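Peer 1: Data: data.cif, mmCIF, C-alpha atoms (C1' of nucleotides).
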data_data
loop_
_atom_site.group_PDB
_atom_site.id
_atom_site.type_symbol
_atom_site.label_atom_id
_atom_site.label_comp_id
_atom_site.auth_asym_id
_atom_site.auth_seq_id
_atom_site.Cartn_x
_atom_site.Cartn_y
_atom_site.Cartn_z
ATOM 1 C CA MET A 116 0.000 0.000 0.000
ATOM 2 C CA PRO A 117 2.432 2.600 1.079
ATOM 3 C CA GLU A 118 4.901 4.649 -0.851
ATOM 4 C CA LEU A 119 7.076 7.491 0.361
ATOM 5 C CA PRO A 120 4.289 9.976 1.294
ATOM 6 C CA GLU A 121 2.295 7.376 3.209
ATOM 7 C CA VAL A 122 5.398 6.084 5.005
ATOM 8 C CA GLU A 123 6.455 9.661 5.835
ATOM 9 C CA THR A 124 3.000 10.402 7.260
ATOM 10 C CA ILE A 125 3.039 7.266 9.390
ATOM 11 C CA ALA A 126 6.600 7.855 10.628
ATOM 12 C CA ARG A 127 5.742 11.434 11.635
ATOM 13 C CA GLY A 128 2.623 10.279 13.454
ATOM 14 C CA VAL A 129 4.425 7.558 15.361
ATOM 15 C CA HIS A 130 7.256 9.961 16.196
ATOM 16 C CA GLU A 131 4.880 12.580 17.591
ATOM 17 C CA ARG A 132 3.029 10.079 19.729
ATOM 18 C CA LEU A 133 5.735 7.683 20.913
ATOM 19 C CA ARG A 134 8.918 9.755 21.272
ATOM 20 C CA GLY A 135 10.262 9.183 24.766
ATOM 21 C CA ASP A 136 8.119 6.141 25.473
ATOM 22 C CA GLN A 137 9.668 2.849 26.537
ATOM 23 C CA ILE A 138 9.061 -0.662 25.208
ATOM 24 C CA LEU A 139 8.225 -2.977 28.093
ATOM 25 C CA GLU A 140 7.350 -6.141 26.212
ATOM 26 C CA ALA A 141 7.273 -7.362 22.618
ATOM 27 C CA TRP A 142 4.824 -9.982 21.338
ATOM 28 C CA PHE A 143 5.130 -11.484 17.858
ATOM 29 C CA GLY A 144 2.791 -13.713 15.853
ATOM 30 C CA SER A 145 3.713 -17.128 14.502
ATOM 31 C CA HIS A 146 3.921 -16.423 10.758
ATOM 32 C CA LYS A 147 7.544 -16.396 9.644
ATOM 33 C CA GLU A 148 7.246 -13.921 6.762
ATOM 34 C CA PRO A 149 7.570 -10.561 8.486
ATOM 35 C CA PHE A 150 10.844 -11.300 10.248
ATOM 36 C CA LYS A 151 14.194 -10.486 8.651
ATOM 37 C CA ASN A 152 15.848 -11.633 11.861
ATOM 38 C CA SER A 153 14.257 -13.900 14.430
ATOM 39 C CA PRO A 154 11.344 -12.714 16.570
ATOM 40 C CA GLY A 155 13.254 -13.923 19.606
ATOM 41 C CA ARG A 156 16.210 -11.701 18.806
ATOM 42 C CA GLN A 157 13.950 -8.769 18.003
ATOM 43 C CA ALA A 158 12.021 -9.127 21.250
ATOM 44 C CA ALA A 159 15.197 -9.389 23.320
ATOM 45 C CA GLY A 160 16.590 -6.270 21.660
ATOM 46 C CA LEU A 161 13.414 -4.205 21.857
ATOM 47 C CA GLU A 162 12.377 -4.903 25.440
ATOM 48 C CA GLY A 163 13.532 -2.215 27.831
ATOM 49 C CA ARG A 164 14.631 0.176 25.110
ATOM 50 C CA THR A 165 13.443 3.776 24.781
ATOM 51 C CA ILE A 166 12.040 5.220 21.542
ATOM 52 C CA LEU A 167 14.263 8.214 20.784
ATOM 53 C CA SER A 168 12.818 9.144 17.390
ATOM 54 C CA VAL A 169 11.028 7.742 14.359
ATOM 55 C CA HIS A 170 11.774 8.716 10.781
ATOM 56 C CA ARG A 171 11.521 7.514 7.192
ATOM 57 C CA THR A 172 14.232 6.405 4.779
ATOM 58 C CA GLY A 173 12.853 5.462 1.343
ATOM 59 C CA LYS A 174 9.852 3.276 2.104
ATOM 60 C CA HIS A 175 11.271 2.120 5.439
ATOM 61 C CA ILE A 176 10.283 3.382 8.877
ATOM 62 C CA VAL A 177 13.290 3.598 11.201
ATOM 63 C CA VAL A 178 12.727 3.602 14.963
ATOM 64 C CA GLU A 179 15.842 4.848 16.772
ATOM 65 C CA LEU A 180 16.227 3.119 20.137
ATOM 66 C CA GLY A 181 18.237 4.068 23.232
ATOM 67 C CA LYS A 182 19.247 2.036 26.250
ATOM 68 C CA SER A 183 18.866 3.435 29.727
ATOM 69 C CA GLY A 184 21.580 2.769 32.275
ATOM 70 C CA ALA A 185 24.607 2.498 30.020
ATOM 71 C CA GLY A 186 26.029 5.714 28.559
ATOM 72 C CA ASN A 187 24.034 8.510 26.973
ATOM 73 C CA LEU A 188 20.350 7.577 26.711
ATOM 74 C CA ASN A 189 19.901 9.945 23.768
ATOM 75 C CA GLU A 190 22.483 8.144 21.648
ATOM 76 C CA PRO A 191 20.802 5.385 19.585
ATOM 77 C CA THR A 192 22.165 1.912 20.313
ATOM 78 C CA ALA A 193 19.708 0.010 18.135
ATOM 79 C CA GLN A 194 17.167 0.432 15.330
ATOM 80 C CA TRP A 195 13.879 -1.265 14.571
ATOM 81 C CA ILE A 196 13.193 -1.093 10.848
ATOM 82 C CA VAL A 197 9.654 -1.538 9.550
ATOM 83 C CA HIS A 198 8.735 -2.032 5.904
ATOM 84 C CA LEU A 199 4.985 -2.052 5.270
ATOM 85 C CA GLY A 200 4.951 -4.020 2.005
ATOM 86 C CA MET A 201 1.631 -3.609 0.200
ATOM 87 C CA THR A 202 -0.823 -3.812 3.080
ATOM 88 C CA GLY A 203 1.132 -3.135 6.267
ATOM 89 C CA ARG A 204 -0.032 -0.742 8.983
ATOM 90 C CA LEU A 205 1.612 0.609 12.118
ATOM 91 C CA LEU A 206 -0.961 1.642 14.693
ATOM 92 C CA VAL A 207 -0.779 3.234 18.110
ATOM 93 C CA THR A 208 -3.614 1.823 20.237
ATOM 94 C CA THR A 209 -4.852 1.399 23.751
ATOM 95 C CA PRO A 210 -4.112 -2.104 25.122
ATOM 96 C CA ASP A 211 -7.807 -3.037 25.186
ATOM 97 C CA ALA A 212 -8.393 -2.061 21.529
ATOM 98 C CA GLU A 213 -9.644 -5.011 19.506
ATOM 99 C CA VAL A 214 -6.749 -6.900 17.936
ATOM 100 C CA ALA A 215 -7.226 -6.774 14.163
ATOM 101 C CA PRO A 216 -6.833 -9.935 12.082
ATOM 102 C CA HIS A 217 -3.275 -10.313 10.710
ATOM 103 C CA THR A 218 -1.674 -8.534 13.656
ATOM 104 C CA HIS A 219 1.937 -9.757 13.661
ATOM 105 C CA ALA A 220 3.540 -7.572 16.324
ATOM 106 C CA ARG A 221 2.432 -5.820 19.517
ATOM 107 C CA LEU A 222 4.833 -3.685 21.526
ATOM 108 C CA ARG A 223 3.554 -2.894 25.018
ATOM 109 C CA LEU A 224 4.682 0.559 26.109
ATOM 110 C CA LYS A 225 5.360 2.162 29.472
ATOM 111 C CA SER A 226 2.730 4.827 28.744
ATOM 112 C CA GLY A 227 0.095 2.080 28.715
ATOM 113 C CA ARG A 228 -0.353 2.118 24.957
ATOM 114 C CA GLU A 229 0.660 -0.401 22.277
ATOM 115 C CA LEU A 230 2.382 -0.106 18.924
ATOM 116 C CA ARG A 231 0.930 -2.725 16.570
ATOM 117 C CA PHE A 232 2.005 -4.012 13.158
ATOM 118 C CA VAL A 233 -0.851 -5.389 11.042
ATOM 119 C CA ASP A 234 -0.296 -6.824 7.544
ATOM 120 C CA PRO A 235 -2.813 -9.116 5.766
ATOM 121 C CA ARG A 236 -0.617 -10.008 2.786
ATOM 122 C CA ARG A 237 2.558 -10.403 4.821
ATOM 123 C CA PHE A 238 4.764 -8.634 2.286
ATOM 124 C CA GLY A 239 6.012 -6.304 5.036
ATOM 125 C CA ARG A 240 9.265 -6.856 6.950
ATOM 126 C CA LEU A 241 10.535 -6.208 10.464
ATOM 127 C CA GLU A 242 14.243 -6.007 11.250
ATOM 128 C CA PHE A 243 16.186 -5.286 14.423
ATOM 129 C CA ARG A 244 19.694 -3.822 14.237
ATOM 130 C CA GLU A 245 22.078 -3.691 17.201
ATOM 131 C CA LEU A 246 24.303 -0.756 16.332
ATOM 132 C CA SER A 247 27.305 -2.164 18.201
ATOM 133 C CA SER A 248 27.442 -4.976 15.644
ATOM 134 C CA ASP A 249 25.167 -3.992 12.722
ATOM 135 C CA ALA A 250 25.503 -1.043 10.346
ATOM 136 C CA ALA A 251 22.997 1.788 10.693
ATOM 137 C CA PHE A 252 20.244 1.610 8.076
ATOM 138 C CA THR A 253 20.763 3.917 5.094
ATOM 139 C CA GLY A 254 18.166 2.625 2.620
ATOM 140 C CA PRO A 255 18.709 0.891 -0.707
ATOM 141 C CA GLY A 256 19.003 3.925 -3.019
ATOM 142 C CA LYS A 257 19.060 7.695 -3.363
ATOM 143 C CA GLU A 258 16.531 9.874 -1.556
ATOM 144 C CA PRO A 259 14.109 11.491 -4.048
ATOM 145 C CA THR A 260 13.005 14.359 -1.798
ATOM 146 C CA THR A 261 16.495 15.837 -1.499
ATOM 147 C CA ILE A 262 18.445 14.681 -4.561
ATOM 148 C CA THR A 263 19.738 17.506 -6.759
ATOM 149 C CA PRO A 264 18.671 17.753 -10.423
ATOM 150 C CA ASP A 265 22.209 16.886 -11.579
ATOM 151 C CA ASP A 266 22.512 13.811 -9.383
ATOM 152 C CA PHE A 267 19.015 12.746 -10.425
ATOM 153 C CA ALA A 268 19.889 12.982 -14.122
ATOM 154 C CA LYS A 269 23.041 10.892 -13.562
ATOM 155 C CA LEU A 270 21.018 8.002 -12.161
ATOM 156 C CA PHE A 271 19.617 7.129 -15.590
ATOM 157 C CA ARG A 272 22.699 7.487 -17.799
ATOM 158 C CA GLY A 273 23.265 4.429 -19.979
ATOM 159 C CA ARG A 274 20.259 2.581 -18.604
ATOM 160 C CA ARG A 275 18.433 0.378 -21.086
ATOM 161 C CA LEU A 276 15.113 -0.048 -19.355
ATOM 162 C CA ALA A 277 11.833 1.847 -19.311
ATOM 163 C CA ILE A 278 11.893 5.009 -17.212
ATOM 164 C CA LYS A 279 8.990 3.717 -15.136
ATOM 165 C CA ALA A 280 10.865 0.481 -14.368
ATOM 166 C CA ALA A 281 13.867 2.588 -13.347
ATOM 167 C CA LEU A 282 11.710 4.723 -11.025
ATOM 168 C CA LEU A 283 10.364 1.567 -9.361
ATOM 169 C CA ASN A 284 13.865 0.156 -8.799
ATOM 170 C CA GLN A 285 14.556 1.044 -5.177
ATOM 171 C CA THR A 286 18.311 0.534 -5.497
ATOM 172 C CA ILE A 287 18.374 3.492 -7.912
ATOM 173 C CA LEU A 288 15.903 5.853 -6.210
ATOM 174 C CA HIS A 289 14.053 4.730 -3.090
ATOM 175 C CA GLY A 290 10.534 5.721 -2.078
ATOM 176 C CA VAL A 291 8.718 6.107 -5.406
ATOM 177 C CA GLY A 292 6.216 3.318 -6.093
ATOM 178 C CA ASN A 293 3.491 2.623 -8.622
ATOM 179 C CA ILE A 294 1.177 5.552 -7.850
ATOM 180 C CA TYR A 295 3.812 8.271 -7.688
ATOM 181 C CA ALA A 296 5.748 6.918 -10.676
ATOM 182 C CA ASP A 297 2.615 7.188 -12.848
ATOM 183 C CA GLU A 298 1.598 10.568 -11.422
ATOM 184 C CA SER A 299 5.101 12.043 -11.796
ATOM 185 C CA LEU A 300 5.518 10.809 -15.380
ATOM 186 C CA PHE A 301 2.156 12.341 -16.278
ATOM 187 C CA ARG A 302 3.073 15.692 -14.782
ATOM 188 C CA ALA A 303 6.433 15.604 -16.589
ATOM 189 C CA GLY A 304 4.754 14.673 -19.891
ATOM 190 C CA ILE A 305 6.873 11.527 -20.372
ATOM 191 C CA ARG A 306 5.619 8.111 -21.529
ATOM 192 C CA PRO A 307 6.336 5.358 -19.015
ATOM 193 C CA LYS A 308 7.874 3.107 -21.716
ATOM 194 C CA ARG A 309 10.522 5.624 -22.787
ATOM 195 C CA MET A 310 14.043 4.217 -22.419
ATOM 196 C CA ALA A 311 15.548 5.822 -19.315
ATOM 197 C CA GLY A 312 18.978 6.347 -20.856
ATOM 198 C CA ARG A 313 17.526 8.098 -23.903
ATOM 199 C CA LEU A 314 15.652 10.837 -22.045
ATOM 200 C CA LYS A 315 16.877 14.319 -22.859
ATOM 201 C CA ARG A 316 18.262 16.531 -20.147
ATOM 202 C CA ASP A 317 15.225 18.836 -20.091
ATOM 203 C CA GLU A 318 12.954 15.811 -19.744
ATOM 204 C CA LEU A 319 14.967 14.532 -16.785
ATOM 205 C CA LEU A 320 14.833 17.968 -15.190
ATOM 206 C CA ARG A 321 11.052 18.085 -15.639
ATOM 207 C CA LEU A 322 10.787 14.603 -14.128
ATOM 208 C CA HIS A 323 12.953 15.583 -11.152
ATOM 209 C CA ALA A 324 10.748 18.620 -10.501
ATOM 210 C CA ALA A 325 7.542 16.598 -10.969
ATOM 211 C CA ILE A 326 8.636 13.898 -8.515
ATOM 212 C CA GLN A 327 9.586 16.415 -5.833
ATOM 213 C CA GLU A 328 6.353 18.389 -6.307
ATOM 214 C CA VAL A 329 4.125 15.323 -6.279
ATOM 215 C CA LEU A 330 5.792 13.836 -3.212
ATOM 216 C CA ALA A 331 5.687 17.135 -1.287
ATOM 217 C CA HIS A 332 2.033 17.718 -2.182
ATOM 218 C CA ALA A 333 1.094 14.135 -1.270
ATOM 219 C CA ILE A 334 2.870 14.422 2.100
ATOM 220 C CA GLN A 335 0.907 17.646 2.746
ATOM 221 C CA LEU A 336 -2.324 15.744 2.116
ATOM 222 C CA GLY A 337 -1.366 12.772 4.293
ATOM 223 C CA GLY A 338 -0.729 10.378 1.389
ATOM 224 C CA SER A 339 -3.118 8.480 -0.888
ATOM 225 C CA SER A 340 -5.861 6.223 0.491
ATOM 226 C CA VAL A 341 -6.761 4.005 -2.463
ATOM 227 C CA SER A 342 -8.610 1.383 -0.459
ATOM 228 C CA ASP A 343 -7.729 1.080 3.185
ATOM 229 C CA TYR A 344 -4.542 3.019 3.918
ATOM 230 C CA VAL A 345 -4.596 4.851 7.254
ATOM 231 C CA ASP A 346 -1.836 6.580 9.198
ATOM 232 C CA ALA A 347 -0.697 5.773 12.741
ATOM 233 C CA ASN A 348 -3.788 7.528 14.112
ATOM 234 C CA GLY A 349 -6.172 5.650 11.820
ATOM 235 C CA VAL A 350 -6.699 8.706 9.586
ATOM 236 C CA ARG A 351 -7.006 8.404 5.785
ATOM 237 C CA GLY A 352 -4.993 10.507 3.328
ATOM 238 C CA PHE A 353 -6.433 12.761 0.626
ATOM 239 C CA PHE A 354 -3.946 12.714 -2.239
ATOM 240 C CA GLN A 355 -6.082 10.139 -4.103
ATOM 241 C CA LEU A 356 -8.308 13.132 -4.955
ATOM 242 C CA GLU A 357 -5.328 14.610 -6.832
ATOM 243 C CA HIS A 358 -4.556 11.527 -8.927
ATOM 244 C CA ARG A 359 -4.601 12.414 -12.622
ATOM 245 C CA VAL A 360 -3.872 8.999 -14.174
ATOM 246 C CA TYR A 361 -3.489 6.319 -11.497
ATOM 247 C CA LEU A 362 -6.536 3.983 -11.597
ATOM 248 C CA ARG A 363 -8.302 6.337 -14.056
ATOM 249 C CA THR A 364 -8.279 3.896 -17.008
ATOM 250 C CA GLY A 365 -10.752 4.981 -19.718
ATOM 251 C CA GLN A 366 -11.631 8.225 -17.972
ATOM 252 C CA PRO A 367 -10.852 11.483 -19.780
ATOM 253 C CA CYS A 368 -7.467 13.098 -19.252
ATOM 254 C CA LEU A 369 -7.996 16.121 -17.016
ATOM 255 C CA VAL A 370 -5.830 18.204 -19.381
ATOM 256 C CA CYS A 371 -6.848 17.124 -22.902
ATOM 257 C CA GLY A 372 -9.824 14.756 -22.551
ATOM 258 C CA THR A 373 -8.149 11.743 -24.193
ATOM 259 C CA PRO A 374 -9.114 8.492 -22.409
ATOM 260 C CA ILE A 375 -6.417 7.385 -19.969
ATOM 261 C CA ARG A 376 -4.715 4.201 -21.108
ATOM 262 C CA ARG A 377 -3.603 1.244 -18.987
ATOM 263 C CA ILE A 378 -0.756 -1.066 -19.953
ATOM 264 C CA LEU A 379 1.339 -3.638 -18.115
ATOM 265 C CA LEU A 380 4.931 -2.490 -17.574
ATOM 266 C CA ALA A 381 7.455 -4.188 -15.297
ATOM 267 C CA GLY A 382 4.553 -6.357 -14.153
ATOM 268 C CA ARG A 383 2.626 -3.375 -12.822
ATOM 269 C CA GLY A 384 -0.527 -1.651 -13.962
ATOM 270 C CA THR A 385 0.664 1.541 -15.667
ATOM 271 C CA HIS A 386 -1.568 4.508 -16.427
ATOM 272 C CA TYR A 387 -0.835 7.372 -18.826
ATOM 273 C CA CYS A 388 -2.323 9.851 -21.258
ATOM 274 C CA PRO A 389 -1.276 8.980 -24.834
ATOM 275 C CA THR A 390 -1.686 12.613 -25.888
ATOM 276 C CA CYS A 391 -0.008 14.499 -23.031
ATOM 277 C CA GLN A 392 2.818 12.018 -22.508
ATOM 278 C CA ARG A 393 5.399 11.566 -25.260
ATOM 279 C "C1'" DC B 114 26.478 -7.261 -14.746
ATOM 280 C "C1'" DA B 115 21.809 -5.387 -16.182
ATOM 281 C "C1'" DT B 116 17.246 -6.363 -16.992
ATOM 282 C "C1'" DT B 117 12.868 -9.095 -16.870
ATOM 283 C "C1'" DT B 118 9.706 -12.258 -14.909
ATOM 284 C "C1'" DC B 119 7.483 -14.433 -11.358
ATOM 285 C "C1'" DA B 120 6.439 -16.115 -6.769
ATOM 286 C "C1'" DC B 121 5.176 -14.659 -2.426
ATOM 287 C "C1'" DC B 122 0.149 -13.611 0.281
ATOM 288 C "C1'" DT B 123 -4.884 -12.100 1.338
ATOM 289 C "C1'" DG B 124 -8.917 -9.737 0.102
ATOM 290 C "C1'" DG B 125 -12.039 -7.023 -2.692
ATOM 291 C "C1'" DT B 126 -14.673 -6.581 -6.945
ATOM 292 C "C1'" DG B 127 -17.280 -7.759 -10.825
ATOM 293 C "C1'" DG B 128 -18.970 -11.204 -14.328
ATOM 294 C "C1'" DC B 129 -21.650 -15.303 -14.986
ATOM 295 C "C1'" DT C 64 -25.251 -17.290 -3.134
ATOM 296 C "C1'" DG C 65 -21.172 -19.434 -5.219
ATOM 297 C "C1'" DC C 66 -17.338 -19.780 -8.137
ATOM 298 C "C1'" DC C 67 -13.764 -17.757 -10.794
ATOM 299 C "C1'" DA C 68 -10.715 -14.483 -12.883
ATOM 300 C "C1'" DC C 69 -8.462 -10.478 -12.116
ATOM 301 C "C1'" DC C 70 -6.604 -6.716 -9.614
ATOM 302 C "C1'" DA C 71 -4.128 -4.261 -5.656
ATOM 303 C "C1'" DG C 72 0.355 0.792 -2.463
ATOM 304 C "C1'" DG C 73 6.210 -4.129 -2.982
ATOM 305 C "C1'" DT C 74 10.059 -6.705 -3.143
ATOM 306 C "C1'" DG C 75 13.735 -10.330 -3.960
ATOM 307 C "C1'" DA C 76 15.089 -14.614 -6.112
ATOM 308 C "C1'" DA C 77 15.494 -16.893 -10.398
ATOM 309 C "C1'" DA C 78 15.766 -16.725 -15.225
ATOM 310 C "C1'" DT C 79 17.376 -14.505 -19.416
#
Write the structure described by the file as structure tokens, please.
Peer 2:
Amino acid sequence: MPELPEVETIARGVHERLRGDQILEAWFGSHKEPFKNSPGRQAAGLEGRTILSVHRTGKHIVVELGKSGAGNLNEPTAQWIVHLGMTGRLLVTTPDAEVAPHTHARLRLKSGRELRFVDPRRFGRLEFRELSSDAAFTGPGKEPTTITPDDFAKLFRGRRLAIKAALLNQTILHGVGNIYADESLFRAGIRPKRMAGRLKRDELLRLHAAIQEVLAHAIQLGGSSVSDYVDANGVRGFFQLEHRVYLRTGQPCLVCGTPIRRILLAGRGTHYCPTCQR
DNA sequence: CATTTCACCTGGTGGC
DNA sequence: TGCCACCAGGTGAAAT
């Protein structure tokens, strides 16, 4: 479900609500899928630690954790990294709140609340990093919200794949997914199938600007709620009202009236206007 | 190495 | 109502 704007919204919400709280106990479900390292190791690492801050890197949520007693409490000694996959949610609840189906993790907090991870399709991932032995998480690719136009243009030099496939490749640029790839390419006037390495400089500059505008606007609106996305407070986003091509197959282009076309590209539904995008 | 395809999951929708 | 095909915000392993 979630791309960069949704993950950013969730990370901000969790940060605001849980900063300074302490994890007393971690409970994990029995499905193996969500765990990049074992639930036992994650529970042992999480229990007793303090939540210093929560932020986003690409599509990952990074919870910075401190340890009381030894050294400076404000210096992170561990990280809990949450990837939401297609259907993952992170929710802050009261302990008596009904436990949703497909709840895979419940962290009981000193404040009396719980942080829960719910994910029906189980494409999401949970990882614990002990910073004394593991590297700090940096994300798989470059950060689209801060990359300069020049560095952005360099990413696609010599690449022989469709620009949309390149945008979806997280090791190149992390955070853009299917919705924001389609919406950015529409706003830049570029066909999704265009070979990335053959785009002209002015096209790449338009795409860079479109991506940063779309992501910033979507973050302002709390992300896109296509079916059931909600943030850490259970609130839906509103950027779906701003979609110009995504899931608008057959409907008139809002600029020129041409019916929006849907094709399959890189295995994903891809939406574009055949008139506005060249 | 770069690129493409497909498996991994559940659930919702729409046709018959 | 049931059954089935198809679709969905994402990756990573395997194939090409």
Peer 1: So the first atom is atom C1' of DG72 of chain C and the second is atom CA of His130 of chain A; what is the distance between them in Å, to one decimal place?
Peer 2: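 About the pair atom C1' of DG72 of chain C and atom CA of His130 of chain A: they are 21.9 Å apart.
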Peer 1: Near chain A, meaning an atom within 10 Å, which residues of chain B appear when counting only C-alpha atoms (C1' of nucleotides)? Write them as a PyMOL selection string.
Peer 2: chain B and resi 115-119+121-125
Peer 1: Just write the chosen residues, C-alpha atoms (C1' of nucleotides), as a tab-separated table (two decimals), keeping the file's coordinate frame.
Peer 2:
chain	number	residue	atom	x	y	z
B	115	DA	C1'	21.81	-5.39	-16.18
B	116	DT	C1'	17.25	-6.36	-16.99
B	117	DT	C1'	12.87	-9.10	-16.87
B	118	DT	C1'	9.71	-12.26	-14.91
B	119	DC	C1'	7.48	-14.43	-11.36
B	121	DC	C1'	5.18	-14.66	-2.43
B	122	DC	C1'	0.15	-13.61	0.28
B	123	DT	C1'	-4.88	-12.10	1.34
B	124	DG	C1'	-8.92	-9.74	0.10
B	125	DG	C1'	-12.04	-7.02	-2.69
Peer 1: With 9 Å as the cut-off and only C-alpha atoms (C1' of nucleotides) counted, what is the closest atom pair between each nearby residue of chain C and chain A? Distances in Å to one decimal, ordered by chain and number, as a tab-separated table.
Peer 2:
residue	atom	partner	partner_atom	distance
C:DA71	C1'	A:Met116	CA	8.2
C:DG72	C1'	A:Met116	CA	2.6
C:DG73	C1'	A:Gly200	CA	5.1
C:DT74	C1'	A:Gly200	CA	7.7
Peer 1: Rounded to one decimal place, report the atom CA of Leu241 of chain A-atom CA of Gly256 of chain A distance in Å.
Peer 2: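 So the two atoms, atom CA of Leu241 of chain A and atom CA of Gly256 of chain A, lie 18.9 Å apart.
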Peer 1: Apply the PyMOL selection byres ((chain C and resi 66) around 12) to the displayed file and report the matching residues as a PDB file with C-alpha atoms (C1' of nucleotides), keeping the file's coordinate frame.
Peer 2:
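Written out: part_5.pdb:
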ATOM      1  C1'  DG B 128     -18.970 -11.204 -14.328  1.00  0.00           C
ATOM      2  C1'  DC B 129     -21.650 -15.303 -14.986  1.00  0.00           C
TER       3       DC B 129
ATOM      4  C1'  DT C  64     -25.251 -17.290  -3.134  1.00  0.00           C
ATOM      5  C1'  DG C  65     -21.172 -19.434  -5.219  1.00  0.00           C
ATOM      6  C1'  DC C  67     -13.764 -17.757 -10.794  1.00  0.00           C
ATOM      7  C1'  DA C  68     -10.715 -14.483 -12.883  1.00  0.00           C
TER       8       DA C  68
END
Peer 1: Could you tell me how far atom CA of His386 of chain A sits from atom CA of Asp297 of chain A, in Å to one decimal place?
Peer 2: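 Value for the atom CA of Asp297 of chain A-atom CA of His386 of chain A distance: 6.1 Å.
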Peer 1: For the structure provided, state which residues fall under the PyMOL selection byres ((chain A and resi 357-367) around 6), and present them as a CSV table (one decimal) with C-alpha atoms, keeping the file's coordinate frame.
Peer 2:
chain,number,residue,atom,x,y,z
A,294,ILE,CA,1.2,5.6,-7.8
A,354,PHE,CA,-3.9,12.7,-2.2
A,355,GLN,CA,-6.1,10.1,-4.1
A,356,LEU,CA,-8.3,13.1,-5.0
A,368,CYS,CA,-7.5,13.1,-19.3
A,372,GLY,CA,-9.8,14.8,-22.6
A,373,THR,CA,-8.1,11.7,-24.2
A,374,PRO,CA,-9.1,8.5,-22.4
A,375,ILE,CA,-6.4,7.4,-20.0
A,376,ARG,CA,-4.7,4.2,-21.1
A,377,ARG,CA,-3.6,1.2,-19.0
A,386,HIS,CA,-1.6,4.5,-16.4
A,387,TYR,CA,-0.8,7.4,-18.8
Peer 1: Would you write out, as an mmCIF file with C-alpha atoms, keeping the file's coordinate frame, every residue that the PyMOL selection byres ((chain A and resi 176-186) around 6) captures in this file?
Peer 2:
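The resulting part.cif:
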data_model
loop_
_atom_site.group_PDB
_atom_site.id
_atom_site.type_symbol
_atom_site.label_atom_id
_atom_site.label_comp_id
_atom_site.auth_asym_id
_atom_site.auth_seq_id
_atom_site.Cartn_x
_atom_site.Cartn_y
_atom_site.Cartn_z
ATOM 1 C CA ARG A 164 14.631 0.176 25.110
ATOM 2 C CA THR A 165 13.443 3.776 24.781
ATOM 3 C CA ILE A 166 12.040 5.220 21.542
ATOM 4 C CA LEU A 167 14.263 8.214 20.784
ATOM 5 C CA SER A 168 12.818 9.144 17.390
ATOM 6 C CA VAL A 169 11.028 7.742 14.359
ATOM 7 C CA HIS A 170 11.774 8.716 10.781
ATOM 8 C CA ARG A 171 11.521 7.514 7.192
ATOM 9 C CA HIS A 175 11.271 2.120 5.439
ATOM 10 C CA ASN A 187 24.034 8.510 26.973
ATOM 11 C CA LEU A 188 20.350 7.577 26.711
ATOM 12 C CA PRO A 191 20.802 5.385 19.585
ATOM 13 C CA THR A 192 22.165 1.912 20.313
ATOM 14 C CA ALA A 193 19.708 0.010 18.135
ATOM 15 C CA GLN A 194 17.167 0.432 15.330
ATOM 16 C CA TRP A 195 13.879 -1.265 14.571
ATOM 17 C CA ILE A 196 13.193 -1.093 10.848
ATOM 18 C CA VAL A 197 9.654 -1.538 9.550
#
Peer 1: Find the smallest box with edges along x, y and z containing every listed atom of segment 128-138 of chain A, then add 6 Å on each side and report centre and edge lengths in Å to one decimal, as JSON.
Peer 2:
{"center_x": 6.4, "center_y": 6.0, "center_z": 20.0, "size_x": 19.6, "size_y": 25.2, "size_z": 25.1}
